[in-house]
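J.: The following file, structure_36.txt, comprises compact mmCIF, C-alpha atoms and all ligand atoms:
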```
# COMPACT_ATOMS: atom_id res chain seq x y z
CA MET A 218 73.78 63.90 -29.50
CA CYS A 219 74.30 62.07 -32.81
CA PRO A 220 77.32 62.17 -35.05
CA ALA A 221 76.76 65.10 -37.36
CA ASP A 222 77.12 63.04 -40.51
CA ILE A 223 74.36 60.60 -39.76
CA CYS A 224 71.81 62.50 -37.85
CA CYS A 225 70.35 65.88 -37.69
CA SER A 226 68.55 67.06 -34.62
CA ALA A 227 65.89 69.66 -35.12
CA SER A 228 67.11 72.49 -32.97
CA GLN A 229 64.42 74.77 -34.38
CA LEU A 230 60.99 73.44 -33.71
CA THR A 231 59.13 73.17 -36.94
CA ASP A 232 55.69 72.08 -37.99
CA ASP A 233 56.69 71.80 -41.59
CA LEU A 234 56.67 68.23 -42.85
CA ALA A 235 58.84 69.14 -45.82
CA ALA A 236 61.48 70.47 -43.48
CA ALA A 237 61.29 67.24 -41.51
CA ASP A 238 61.94 65.35 -44.69
CA ASN A 239 65.28 67.05 -45.04
CA MET A 240 66.26 65.95 -41.56
CA LEU A 241 66.78 62.38 -42.57
CA LEU A 242 70.41 62.62 -43.43
CA ALA A 243 72.07 59.41 -44.46
CA PRO A 244 75.83 59.34 -44.82
CA SER A 245 76.76 59.16 -48.42
CA GLY A 246 78.19 55.84 -49.45
CA ASN A 247 77.65 54.26 -46.03
CA PRO A 248 77.70 50.46 -46.25
CA ARG A 249 75.22 48.28 -44.35
CA TRP A 250 74.81 49.75 -40.87
CA THR A 251 75.82 46.87 -38.69
CA ASP A 252 78.84 48.36 -37.00
CA SER A 253 79.57 45.98 -34.13
CA LYS A 254 81.48 48.76 -32.33
CA LEU A 255 78.13 50.42 -31.70
CA LEU A 256 76.96 47.56 -29.51
CA GLN A 257 78.68 48.91 -26.50
CA GLY A 258 76.13 49.33 -23.78
CA TYR A 259 73.97 52.18 -22.60
CA LEU A 260 75.15 55.70 -23.45
CA PRO A 261 72.60 58.22 -22.12
CA ALA A 262 72.84 60.67 -25.02
CA GLN A 263 72.86 58.01 -27.73
CA SER A 264 70.89 55.05 -26.47
CA CYS A 265 67.22 54.42 -25.90
CA ILE A 266 65.66 51.83 -23.63
CA VAL A 267 62.00 50.99 -24.22
CA ALA A 268 59.88 48.00 -23.27
CA ALA A 269 58.92 45.39 -25.85
CA GLY A 270 56.66 42.82 -24.18
CA SER A 271 58.74 40.90 -21.65
CA GLN A 272 61.92 42.27 -23.21
CA PHE A 273 63.53 45.64 -23.84
CA LEU A 274 64.84 47.37 -26.91
CA LEU A 275 68.29 48.76 -26.21
CA THR A 276 69.22 50.96 -29.13
CA HIS A 277 72.53 52.36 -30.28
CA GLY A 278 73.40 55.35 -32.39
CA CYS A 279 71.12 57.57 -34.40
CA TYR A 280 70.19 57.21 -38.04
CA ALA A 281 67.63 60.01 -37.97
CA GLN A 282 65.95 62.25 -35.46
CA PHE A 283 63.20 64.80 -35.96
CA GLN A 284 60.49 66.61 -34.05
CA LEU A 285 56.97 67.45 -35.18
CA PRO A 286 53.61 68.05 -33.53
CA THR A 287 51.66 64.78 -33.14
CA ASN A 288 48.68 66.38 -34.83
CA SER A 289 50.60 67.36 -38.01
CA PRO A 290 48.54 66.29 -41.03
CA GLY A 291 50.20 63.46 -42.90
CA LEU A 292 52.54 62.57 -40.02
CA ALA A 293 51.65 58.84 -39.98
CA LEU A 294 52.65 58.52 -43.65
CA LEU A 295 55.83 60.47 -43.10
CA LEU A 296 56.83 58.15 -40.24
CA GLN A 297 56.23 55.16 -42.47
CA ASP A 298 58.37 56.73 -45.21
CA LYS A 299 61.21 57.44 -42.79
CA LEU A 300 61.25 53.81 -41.63
CA ALA A 301 61.16 52.54 -45.22
CA ALA A 302 64.02 54.89 -46.17
CA ALA A 303 66.07 53.64 -43.21
CA LYS A 304 65.50 50.06 -44.32
CA ALA A 305 66.46 50.87 -47.91
CA ASP A 306 69.55 52.56 -46.55
CA GLY A 307 70.71 49.41 -44.77
CA VAL A 308 69.40 49.86 -41.22
CA VAL A 309 68.84 46.22 -40.33
CA GLU A 310 65.91 46.56 -37.93
CA PRO A 311 64.43 50.02 -38.37
CA VAL A 312 62.31 51.08 -35.43
CA LEU A 313 60.98 54.49 -34.59
CA ILE A 314 61.36 55.51 -30.95
CA GLN A 315 58.70 58.04 -29.97
CA LEU A 316 58.14 60.57 -27.22
CA ILE A 317 54.59 61.91 -27.45
CA PRO A 318 53.79 65.06 -25.45
CA PHE A 319 50.68 65.46 -23.31
CA ASP A 320 49.57 68.32 -25.54
CA PRO A 321 49.22 67.09 -29.15
CA GLY A 322 50.01 70.61 -30.40
CA GLN A 323 53.53 70.37 -28.96
CA ASN A 324 56.35 68.61 -30.74
CA ALA A 325 56.69 64.86 -30.47
CA SER A 326 60.23 63.54 -30.76
CA PHE A 327 61.15 60.68 -33.12
CA LEU A 328 64.38 58.77 -33.40
CA ILE A 329 65.44 55.92 -35.69
CA PRO A 330 68.44 54.20 -34.11
CA ARG A 331 71.21 52.66 -36.14
CA GLN A 332 71.08 49.40 -34.23
CA VAL A 333 68.57 47.69 -32.01
CA GLU A 334 69.11 44.87 -29.54
CA ARG A 335 66.21 42.97 -27.98
CA ILE A 336 67.33 41.87 -24.56
CA GLY A 337 65.75 40.57 -21.36
CA ALA A 338 65.83 42.34 -18.01
CA ASP A 339 68.79 40.20 -16.85
CA LYS A 340 70.98 41.21 -19.75
CA LEU A 341 69.90 44.84 -19.52
CA THR A 342 70.80 44.78 -15.82
CA THR A 343 74.26 43.41 -16.63
CA ARG A 344 74.81 46.07 -19.30
CA LEU A 345 73.80 48.84 -16.91
CA GLN A 346 75.96 47.38 -14.14
CA GLN A 347 78.98 47.49 -16.46
CA GLN A 348 78.31 51.15 -17.12
CA ALA A 349 77.02 52.49 -13.80
CA LYS A 350 79.00 54.91 -11.68
CA THR A 351 77.92 56.26 -8.34
CA SER A 352 75.95 59.50 -8.59
CA ALA A 353 76.69 62.40 -6.29
CA PRO A 354 73.97 63.01 -3.66
CA LEU A 355 70.84 64.73 -4.91
CA ARG A 356 69.36 67.86 -3.42
CA LEU A 357 65.58 67.90 -3.56
CA GLY A 358 63.93 71.24 -4.33
CA HIS A 359 60.68 72.58 -2.88
CA ASN A 360 57.93 69.98 -3.04
CA LYS A 361 55.07 72.50 -3.38
CA ALA A 362 52.69 70.38 -1.33
CA ALA A 363 50.59 73.33 -0.17
CA GLU A 364 50.24 74.57 -3.75
CA PHE A 365 49.05 71.14 -4.86
CA THR A 366 46.41 70.84 -2.16
CA ARG A 367 45.15 74.33 -3.07
CA GLN A 368 44.94 73.23 -6.69
CA VAL A 369 43.01 70.08 -5.76
CA ARG A 370 40.51 72.25 -3.85
CA GLN A 371 40.18 74.47 -6.92
CA ALA A 372 39.65 71.39 -9.10
CA VAL A 373 36.99 70.00 -6.76
CA GLN A 374 35.14 73.32 -7.06
CA LEU A 375 35.27 73.14 -10.87
CA LEU A 376 34.04 69.55 -10.65
CA GLN A 377 30.81 70.72 -9.05
CA GLN A 378 29.72 71.73 -12.57
CA PRO A 379 27.99 68.80 -14.25
CA LYS A 380 29.94 69.32 -17.50
CA LEU A 381 33.23 68.27 -15.87
CA LYS A 382 33.50 64.79 -14.31
CA LYS A 383 37.22 64.24 -13.73
CA LEU A 384 40.52 65.99 -14.17
CA VAL A 385 44.04 64.81 -13.52
CA LEU A 386 46.38 67.16 -11.71
CA GLY A 387 50.12 66.73 -11.52
CA ARG A 388 53.06 68.11 -9.56
CA ALA A 389 56.64 68.68 -10.60
CA ILE A 390 59.59 68.70 -8.20
CA GLU A 391 63.05 69.88 -9.13
CA CYS A 392 66.22 68.31 -7.83
CA HIS A 393 69.89 68.65 -8.55
CA SER A 394 73.02 66.55 -8.53
CA GLU A 395 76.59 67.66 -9.21
CA GLN A 396 77.12 64.37 -10.97
CA LEU A 397 74.14 62.26 -11.97
CA ASP A 398 74.80 58.89 -13.52
CA LEU A 399 71.80 57.81 -15.58
CA ALA A 400 72.97 54.22 -15.97
CA ASP A 401 73.03 53.99 -12.18
CA CYS A 402 69.50 55.50 -11.89
CA LEU A 403 68.15 53.14 -14.56
CA LEU A 404 69.73 50.15 -12.92
CA SER A 405 67.98 51.01 -9.64
CA LEU A 406 64.67 51.63 -11.44
CA LEU A 407 64.90 48.29 -13.20
CA GLN A 408 65.80 46.42 -10.03
CA GLN A 409 63.21 48.15 -7.85
CA ASN A 410 60.34 47.95 -10.39
CA PRO A 411 60.50 44.56 -12.06
CA GLY A 412 56.86 44.69 -13.21
CA ALA A 413 57.06 48.14 -14.81
CA ALA A 414 58.45 49.26 -18.16
CA THR A 415 61.75 50.99 -17.47
CA PHE A 416 62.61 53.45 -20.22
CA ALA A 417 65.07 56.17 -21.17
CA VAL A 418 64.89 58.28 -24.31
CA PRO A 419 67.20 61.21 -25.15
CA LEU A 420 66.21 64.42 -26.90
CA PRO A 421 68.56 66.60 -28.90
CA GLY A 422 70.48 68.95 -26.64
CA GLY A 423 71.26 66.49 -23.88
CA GLU A 424 67.86 66.09 -22.23
CA VAL A 425 66.77 62.55 -21.27
CA TRP A 426 63.29 61.39 -20.19
CA PHE A 427 63.40 58.25 -18.11
CA GLY A 428 61.27 56.29 -15.69
CA ALA A 429 59.44 53.05 -14.99
CA SER A 430 55.87 53.19 -16.30
CA PRO A 431 53.33 50.61 -15.13
CA GLU A 432 50.65 51.79 -17.59
CA LEU A 433 50.26 50.37 -21.11
CA LEU A 434 48.78 52.87 -23.55
CA LEU A 435 48.95 50.63 -26.62
CA ALA A 436 50.49 47.37 -27.70
CA ARG A 437 49.91 46.43 -31.30
CA HIS A 438 50.60 43.35 -33.33
CA GLY A 439 48.93 43.37 -36.75
CA ASN A 440 45.25 43.93 -36.14
CA GLN A 441 45.45 42.93 -32.45
CA ILE A 442 45.67 45.79 -29.96
CA ARG A 443 45.77 46.03 -26.19
CA THR A 444 45.58 48.89 -23.72
CA GLN A 445 45.60 48.73 -19.93
CA PRO A 446 44.54 51.98 -18.29
CA LEU A 447 45.21 52.50 -14.61
CA ALA A 448 43.01 54.78 -12.52
CA GLY A 449 42.28 54.44 -8.83
CA THR A 450 45.38 54.09 -6.67
CA CYS A 451 46.47 53.43 -3.10
CA ARG A 452 49.79 52.97 -1.37
CA ARG A 453 50.90 49.42 -0.59
CA ASP A 454 51.81 48.32 2.92
CA LEU A 455 55.03 46.42 2.41
CA THR A 456 55.55 45.82 6.11
CA ASP A 457 52.46 43.66 6.53
CA LEU A 458 51.15 41.43 3.74
CA THR A 459 47.72 40.96 5.31
CA ARG A 460 47.22 44.70 5.63
CA ASP A 461 48.56 45.13 2.09
CA GLN A 462 45.87 42.77 0.73
CA ALA A 463 43.20 44.43 2.86
CA GLN A 464 44.16 47.84 1.40
CA ALA A 465 43.90 46.42 -2.08
CA GLU A 466 40.38 45.18 -1.32
CA VAL A 467 39.39 48.59 0.04
CA LEU A 468 40.59 50.09 -3.26
CA ARG A 469 38.73 47.46 -5.29
CA HIS A 470 35.47 48.39 -3.58
CA SER A 471 35.99 52.14 -3.23
CA PRO A 472 33.10 53.91 -5.06
CA LYS A 473 35.24 57.00 -5.67
CA ASP A 474 38.09 55.01 -7.26
CA ARG A 475 35.71 52.80 -9.25
CA TYR A 476 34.01 55.90 -10.62
CA GLU A 477 37.37 57.43 -11.58
CA HIS A 478 38.28 54.18 -13.28
CA GLN A 479 34.96 53.69 -15.02
CA LEU A 480 35.23 57.10 -16.69
CA VAL A 481 38.51 56.01 -18.29
CA VAL A 482 37.21 52.62 -19.46
CA GLN A 483 34.09 54.19 -20.89
CA GLN A 484 36.07 56.82 -22.81
CA ILE A 485 38.49 54.25 -24.25
CA SER A 486 35.67 51.87 -25.21
CA GLU A 487 33.82 54.66 -26.99
CA VAL A 488 36.80 55.87 -29.03
CA LEU A 489 37.95 52.38 -30.02
CA ALA A 490 34.57 50.80 -30.79
CA PRO A 491 34.13 52.22 -34.34
CA TYR A 492 37.53 50.82 -35.36
CA CYS A 493 37.24 47.34 -33.88
CA LYS A 494 35.44 44.17 -34.91
CA ILE A 495 36.11 42.64 -31.50
CA LEU A 496 36.41 44.76 -28.35
CA GLN A 497 36.85 42.95 -25.05
CA VAL A 498 36.39 45.18 -22.04
CA PRO A 499 36.43 43.57 -18.59
CA ALA A 500 33.20 44.10 -16.68
CA GLU A 501 35.17 44.80 -13.49
CA PRO A 502 38.58 46.38 -12.95
CA SER A 503 41.30 44.13 -11.57
CA LEU A 504 44.05 44.97 -9.10
CA LEU A 505 47.52 45.69 -10.42
CA ALA A 506 50.42 45.85 -7.98
CA THR A 507 53.59 47.84 -8.60
CA SER A 508 56.44 47.73 -6.11
CA ARG A 509 54.83 50.51 -4.10
CA LEU A 510 51.22 50.96 -5.19
CA TRP A 511 47.95 49.23 -5.92
CA HIS A 512 46.07 50.37 -9.00
CA LEU A 513 42.71 49.54 -10.50
CA ALA A 514 43.44 48.24 -14.01
CA SER A 515 41.41 47.15 -17.03
CA ASP A 516 43.02 44.94 -19.63
CA ILE A 517 41.24 45.94 -22.85
CA GLN A 518 41.92 43.82 -25.93
CA ALA A 519 40.61 44.38 -29.41
CA GLU A 520 40.83 43.35 -33.02
CA LEU A 521 40.94 46.15 -35.57
CA VAL A 522 38.59 46.15 -38.54
CA ASN A 523 41.33 47.57 -40.72
CA ALA A 524 44.83 46.19 -40.15
CA ASP A 525 46.25 49.06 -42.24
CA ILE A 526 45.28 51.83 -39.83
CA PRO A 527 48.53 53.56 -38.75
CA SER A 528 49.51 53.12 -35.12
CA LEU A 529 49.79 56.89 -34.79
CA ASP A 530 46.07 57.17 -35.62
CA ILE A 531 45.20 54.70 -32.84
CA LEU A 532 47.44 56.62 -30.44
CA GLN A 533 45.66 59.84 -31.36
CA LEU A 534 42.31 58.21 -30.62
CA LEU A 535 43.46 57.04 -27.22
CA HIS A 536 45.66 59.88 -26.06
CA PRO A 537 45.18 61.62 -23.73
CA THR A 538 43.04 59.07 -21.90
CA ALA A 539 40.93 60.13 -18.96
CA ALA A 540 43.59 58.45 -16.76
CA VAL A 541 45.98 61.36 -17.42
CA CYS A 542 43.69 64.19 -18.58
CA GLY A 543 40.10 63.79 -17.43
CA GLN A 544 36.60 63.62 -18.70
CA PRO A 545 35.33 65.13 -20.93
CA THR A 546 38.75 65.56 -22.52
CA ALA A 547 38.48 69.13 -23.81
CA ALA A 548 37.00 70.56 -20.61
CA ALA A 549 39.54 68.67 -18.47
CA ARG A 550 42.42 69.88 -20.64
CA GLU A 551 41.23 73.46 -20.27
CA ALA A 552 40.90 73.11 -16.48
CA ILE A 553 44.42 71.62 -16.26
CA ARG A 554 45.74 74.56 -18.29
CA GLN A 555 44.09 76.96 -15.84
CA ILE A 556 45.22 75.21 -12.67
CA GLU A 557 48.67 73.69 -13.20
CA THR A 558 51.69 75.97 -12.96
CA TYR A 559 54.38 73.81 -14.62
CA GLN A 560 54.81 72.51 -18.18
CA ARG A 561 53.88 68.83 -18.60
CA ASP A 562 55.72 68.44 -21.92
CA PHE A 563 56.11 64.63 -22.14
CA PHE A 564 54.75 63.91 -18.64
CA CYS A 565 51.34 62.22 -19.11
CA GLY A 566 52.25 61.75 -22.77
CA ALA A 567 53.62 58.49 -24.09
CA VAL A 568 56.90 56.75 -24.72
CA GLY A 569 57.21 53.88 -27.16
CA TRP A 570 58.30 52.49 -30.48
CA GLN A 571 56.99 51.01 -33.69
CA ASP A 572 58.47 48.97 -36.50
CA LEU A 573 57.87 49.17 -40.25
CA ALA A 574 54.69 47.14 -39.99
CA GLY A 575 53.31 49.49 -37.33
CA ASN A 576 53.74 46.94 -34.54
CA GLY A 577 55.02 48.26 -31.27
CA GLN A 578 54.39 49.29 -27.69
CA TRP A 579 53.69 52.62 -26.04
CA GLN A 580 53.60 53.25 -22.28
CA VAL A 581 51.94 56.20 -20.59
CA MET A 582 54.70 58.59 -19.54
CA ILE A 583 54.30 58.42 -15.75
CA ARG A 584 56.66 57.56 -12.83
CA CYS A 585 59.17 59.56 -14.80
CA ALA A 586 61.71 62.34 -14.75
CA ARG A 587 63.37 64.75 -17.13
CA ALA A 588 67.15 64.97 -16.71
CA LYS A 589 69.36 67.69 -18.08
CA ALA A 590 72.88 68.47 -16.93
CA GLY A 591 72.41 67.27 -13.36
CA GLN A 592 69.06 69.04 -13.12
CA LEU A 593 66.11 66.70 -12.66
CA THR A 594 62.38 67.29 -12.72
CA LEU A 595 60.23 64.54 -11.21
CA TYR A 596 56.51 64.28 -11.95
CA ALA A 597 53.47 62.67 -10.36
CA GLY A 598 49.75 63.22 -10.66
CA ALA A 599 46.39 61.98 -9.47
CA GLY A 600 42.85 61.82 -10.84
CA ILE A 601 40.51 64.29 -9.14
CA VAL A 602 36.73 63.83 -8.98
CA SER A 603 34.13 65.76 -7.01
CA ALA A 604 34.52 63.37 -4.06
CA SER A 605 38.32 63.89 -3.88
CA GLU A 606 39.97 64.99 -0.64
CA PRO A 607 43.05 67.19 -1.03
CA ALA A 608 45.03 65.39 1.69
CA ALA A 609 44.41 61.99 0.13
CA GLU A 610 45.36 63.21 -3.36
CA LEU A 611 48.54 64.75 -1.98
CA ALA A 612 49.38 61.47 -0.28
CA GLU A 613 48.75 59.63 -3.55
CA THR A 614 51.20 61.84 -5.45
CA ASN A 615 53.74 61.41 -2.62
CA ALA A 616 53.42 57.65 -2.97
CA LYS A 617 53.85 57.93 -6.75
CA PHE A 618 56.96 60.10 -6.42
CA ALA A 619 58.48 57.31 -4.33
CA THR A 620 59.20 55.26 -7.49
CA MET A 621 61.64 57.86 -8.84
CA LEU A 622 62.88 59.02 -5.44
CA GLY A 623 63.72 55.41 -4.52
CA ALA A 624 65.72 54.95 -7.73
CA LEU A 625 67.60 58.17 -6.99
CA GLY A 626 68.38 57.02 -3.45
CA LEU A 627 66.15 59.67 -1.88
CA PRO A 628 63.63 59.13 0.92
CA GLU A 629 59.89 59.27 0.29
CA LEU A 630 58.00 62.52 0.70
CA THR A 631 56.03 62.56 3.91
CA GLU A 632 54.54 66.04 3.92
CA ALA A 633 50.86 66.33 4.74
CA CYS A 634 48.54 69.26 4.33
C1 LIG B 1 49.35 60.91 -13.57
C2 LIG B 1 49.62 59.83 -12.86
O1 LIG B 1 48.76 58.84 -12.63
C3 LIG B 1 47.61 58.58 -13.39
C4 LIG B 1 46.48 58.58 -12.48
C5 LIG B 1 46.17 57.45 -11.74
C6 LIG B 1 45.12 57.52 -10.69
O2 LIG B 1 44.46 58.56 -10.58
O3 LIG B 1 44.95 56.57 -9.92
C7 LIG B 1 46.85 56.24 -11.99
C8 LIG B 1 47.72 56.13 -13.01
C9 LIG B 1 47.90 57.23 -13.99
O4 LIG B 1 47.09 57.03 -15.09
C10 LIG B 1 50.95 59.55 -12.26
O5 LIG B 1 51.17 58.44 -11.78
O6 LIG B 1 51.78 60.48 -12.24
```
Spit out the file's structure as structure tokens when you get a sec.
Ligand SMILES: C=C(O[C@@H]1C=C(C(=O)O)C=C[C@H]1O)C(=O)O
T.:
Amino acid sequence: MCPADICCSASQLTDDLAAADNMLLAPSGNPRWTDSKLLQGYLPAQSCIVAAGSQFLLTHGCYAQFQLPTNSPGLALLLQDKLAAAKADGVVEPVLIQLIPFDPGQNASFLIPRQVERIGADKLTTRLQQQAKTSAPLRLGHNKAAEFTRQVRQAVQLLQQPKLKKLVLGRAIECHSEQLDLADCLLSLLQQNPGAATFAVPLPGGEVWFGASPELLLARHGNQIRTQPLAGTCRRDLTDLTRDQAQAEVLRHSPKDRYEHQLVVQQISEVLAPYCKILQVPAEPSLLATSRLWHLASDIQAELVNADIPSLDILQLLHPTAAVCGQPTAAAREAIRQIETYQRDFFCGAVGWQDLAGNGQWQVMIRCARAKAGQLTLYAGAGIVSASEPAAELAETNAKFATMLGALGLPELTEAC
């Protein structure tokens, strides 16, 4: 995906930090890396799009790319060194784009682009419009609804044990297009989901993870951090605003959804507290609307005791939250491993970026898809607690799939169990 002289992609997965060090290949004698020819728009295999507050980073080219497990000892320092080396080598605004897998033992993917533009949604829309071509129609594979409802029943049984309070189960659906245009998909995502963080990040070998995540895992500026977990969801009624509001109020007062949400807020508060001198946790969840769903949300803001703590360390404290894994984490992770029949990889992980100072933004990798050579995998999940009903959880995942299906020009799933 990157020109061979400036970037090496780790085709062999390695957990050896020394090997990763050798992957940062700078072109010998390269002058300052401000090649204006690079600023040419969105190229799926060479560009990243990630949210940065109310703007987006649109990146071009690849200075370095490497893959290592998130839990590799010394990784935070190595990331810092890579960014510093890029700066010393003339990269004007070195940022590290990150894909963090759900399972911290799997490889995370890191990319330092050659150039970074900060642009608003309007400009990003224009860039994508200039690039977009019409995709060929998509064929949707089997939606495995019956399998999912069986798995929810199995989860509810496991949740009868007092040691397990919540687990998050996901589904994956395959689909195929003879000719998929990612710029076109991203343009639709951006236009249909103005409040969410549209993103697209390539991996070596032509795979791209993209989506529109409404969930903030971490935003950091100096010693100020913010996270906004979502847990507790219902479908919006876009045909009738009064009913839409009424549904939101039902969600706000639903004991099952409030319990699901409270488990997440409690977990996050507990892991952050020792590292924060100020920790502001709302007493009540608020309602967050996406284009298609209502969520219960908690805007948690904090001030770190130590401004030098690496962002990766904070991410490792937070991830996986009980919004995407469950509670307690280890037992939920084990139950997910037993029940789910697909590989999450980056689904329910995180997508984001950081700069040299460690400032940056990471979204939870949801409302997303993996694209490779016209083959797409779409993902959606739901939090399961002992009071969960399989039909309702299936409907929730159907409603969540609608974000990606809508961007791909496909109708919503309507199957029931
Ligand atoms: C895993 C997903 O959703 C997670 C579970 C939620 C819930 O249970 O309400 C809400 C947002 C996510 O944290 C997803 O959207 O695919």
J.: By how many Å are atom C6 of ligand LIG 1 (chain B) and atom CA of Met582 of chain A apart?
T.: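 Atom-to-atom, atom C6 of ligand LIG 1 (chain B) to atom CA of Met582 of chain A, that is 13.1 Å.
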J.: Check which residues of chain A sit at most 6 Å from ligand LIG 1 (chain B) using all atoms listed in the file, and return one row each with the closest pair of atoms and their distance in Å to one decimal, ordered by chain and rising number, as a Markdown table.
T.:
```
| residue | atom | partner | partner_atom | distance |
| --- | --- | --- | --- | --- |
| A:Leu447 | CA | B:LIG1 | C8 | 4.7 |
| A:Ala448 | CA | B:LIG1 | O3 | 3.7 |
| A:Gly449 | CA | B:LIG1 | O3 | 3.6 |
| A:Thr450 | CA | B:LIG1 | O3 | 4.1 |
| A:Ala540 | CA | B:LIG1 | O4 | 4.1 |
| A:Val541 | CA | B:LIG1 | O4 | 5.0 |
| A:Ile583 | CA | B:LIG1 | O6 | 4.8 |
| A:Arg584 | CA | B:LIG1 | O5 | 5.7 |
| A:Ala597 | CA | B:LIG1 | O6 | 3.3 |
| A:Gly598 | CA | B:LIG1 | C1 | 3.7 |
| A:Ala599 | CA | B:LIG1 | O2 | 4.1 |
| A:Gly600 | CA | B:LIG1 | O2 | 3.6 |
| A:Lys617 | CA | B:LIG1 | O5 | 5.7 |
```
J.: Which value, in Å to one decimal, gives the distance between atom CA of Ala325 of chain A and atom CA of Phe563 of chain A?
T.: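 A separation of 8.4 Å between them.
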J.: So how far away is atom CA of Trp426 of chain A from atom CA of Cys402 of chain A, in Å?
T.: 11.9 Å
J.: Compile the contact shell of Val369 of chain A as a ChimeraX atom specification: residues with an atom at most 12 Å away, counting all atoms listed in the file, same-chain residues fewer than 6 positions apart removed.
T.: /A:362-363,375-376,383-388,552-553,556-557,598-611,614,634
J.: Centre and edge lengths of an axis-aligned box around all listed atoms of segment 575-590 of chain A, with 8 Å added on each side, are to be given in Å to one decimal, as lines of an AutoDock Vina configuration file.
T.:
```
center_x = 62.4
center_y = 57.7
center_z = -25.1
size_x = 36.9
size_y = 37.5
size_z = 40.5
```
J.: Got a sec: who's within 6 Å of segment 311-319 of chain A, counting all atoms listed in the file, leaving out chain neighbours fewer than 4 positions off, as a compact mmCIF listing (two decimals) with C-alpha atoms, keeping the file's coordinate frame?
T.:
```txt
# COMPACT_ATOMS: atom_id res chain seq x y z
CA LEU A 300 61.25 53.81 -41.63
CA ALA A 325 56.69 64.86 -30.47
CA SER A 326 60.23 63.54 -30.76
CA PHE A 327 61.15 60.68 -33.12
CA LEU A 328 64.38 58.77 -33.40
CA ILE A 329 65.44 55.92 -35.69
CA ASP A 562 55.72 68.44 -21.92
CA PHE A 563 56.11 64.63 -22.14
CA CYS A 565 51.34 62.22 -19.11
CA GLY A 566 52.25 61.75 -22.77
CA ALA A 567 53.62 58.49 -24.09
CA VAL A 568 56.90 56.75 -24.72
CA GLY A 569 57.21 53.88 -27.16
CA TRP A 570 58.30 52.49 -30.48
CA GLN A 571 56.99 51.01 -33.69
CA ASP A 572 58.47 48.97 -36.50
```
J.: Residues at most 9 Å from Arg452 of chain A, counting all atoms listed in the file, excluding those fewer than 2 positions away in the same chain, as a list in words?
T.: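 Within the cut-off, the hits are Thr450, Asp454, Asp461, Gln464, Ala465, Arg509, Leu510, Trp511, His512, Ala612, Glu613, Ala616 and Lys617 of chain A.
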J.: Just to be explicit: take each residue in the selection above, keep C-alpha atoms, and write the result as a PDB file, in the coordinates of the input.
T.:
```pdb
ATOM      1  CA  THR A 450      45.380  54.090  -6.670  1.00  0.00           C
ATOM      2  CA  ASP A 454      51.810  48.320   2.920  1.00  0.00           C
ATOM      3  CA  ASP A 461      48.560  45.130   2.090  1.00  0.00           C
ATOM      4  CA  GLN A 464      44.160  47.840   1.400  1.00  0.00           C
ATOM      5  CA  ALA A 465      43.900  46.420  -2.080  1.00  0.00           C
ATOM      6  CA  ARG A 509      54.830  50.510  -4.100  1.00  0.00           C
ATOM      7  CA  LEU A 510      51.220  50.960  -5.190  1.00  0.00           C
ATOM      8  CA  TRP A 511      47.950  49.230  -5.920  1.00  0.00           C
ATOM      9  CA  HIS A 512      46.070  50.370  -9.000  1.00  0.00           C
ATOM     10  CA  ALA A 612      49.380  61.470  -0.280  1.00  0.00           C
ATOM     11  CA  GLU A 613      48.750  59.630  -3.550  1.00  0.00           C
ATOM     12  CA  ALA A 616      53.420  57.650  -2.970  1.00  0.00           C
ATOM     13  CA  LYS A 617      53.850  57.930  -6.750  1.00  0.00           C
TER      14      LYS A 617
END
```
J.: Would you mind listing what lies within 9 Å of Ile495 of chain A as a ChimeraX atom specification, with all atoms listed in the file counted and same-chain residues fewer than 4 positions away left out?
T.: /A:490,518-522
J.: Would you save the residues of that selection, restricted to C-alpha atoms, as a PDB file, keeping the file's coordinate frame?
T.:
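Done, and the output landed in part_24.pdb:
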```
ATOM      1  CA  ALA A 490      34.570  50.800 -30.790  1.00  0.00           C
ATOM      2  CA  GLN A 518      41.920  43.820 -25.930  1.00  0.00           C
ATOM      3  CA  ALA A 519      40.610  44.380 -29.410  1.00  0.00           C
ATOM      4  CA  GLU A 520      40.830  43.350 -33.020  1.00  0.00           C
ATOM      5  CA  LEU A 521      40.940  46.150 -35.570  1.00  0.00           C
ATOM      6  CA  VAL A 522      38.590  46.150 -38.540  1.00  0.00           C
TER       7      VAL A 522
END
```
J.: Give me, as a ChimeraX atom specification, all polymer residues having an atom no more than 9 Å from Arg587 of chain A, counting only C-alpha atoms and skipping those fewer than 5 positions away in the same chain.
T.: /A:424-428,563-564,592-596
J.: When distances are computed from all atoms listed in the file, which of A:Ala269, A:Tyr259, A:Tyr476, A:Pro321 shows the smallest separation from Thr343 of chain A?
T.: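 Between A:Ala269, A:Tyr259, A:Tyr476, A:Pro321, the residue approaching Thr343 of chain A most closely is A:Tyr259.
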J.: Between A:Leu458, A:Leu355, A:Leu625, A:Leu296, which is the closest to Cys392 of chain A once you count all atoms listed in the file?
T.: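 The answer is A:Leu355, which sits nearest to Cys392 of chain A.
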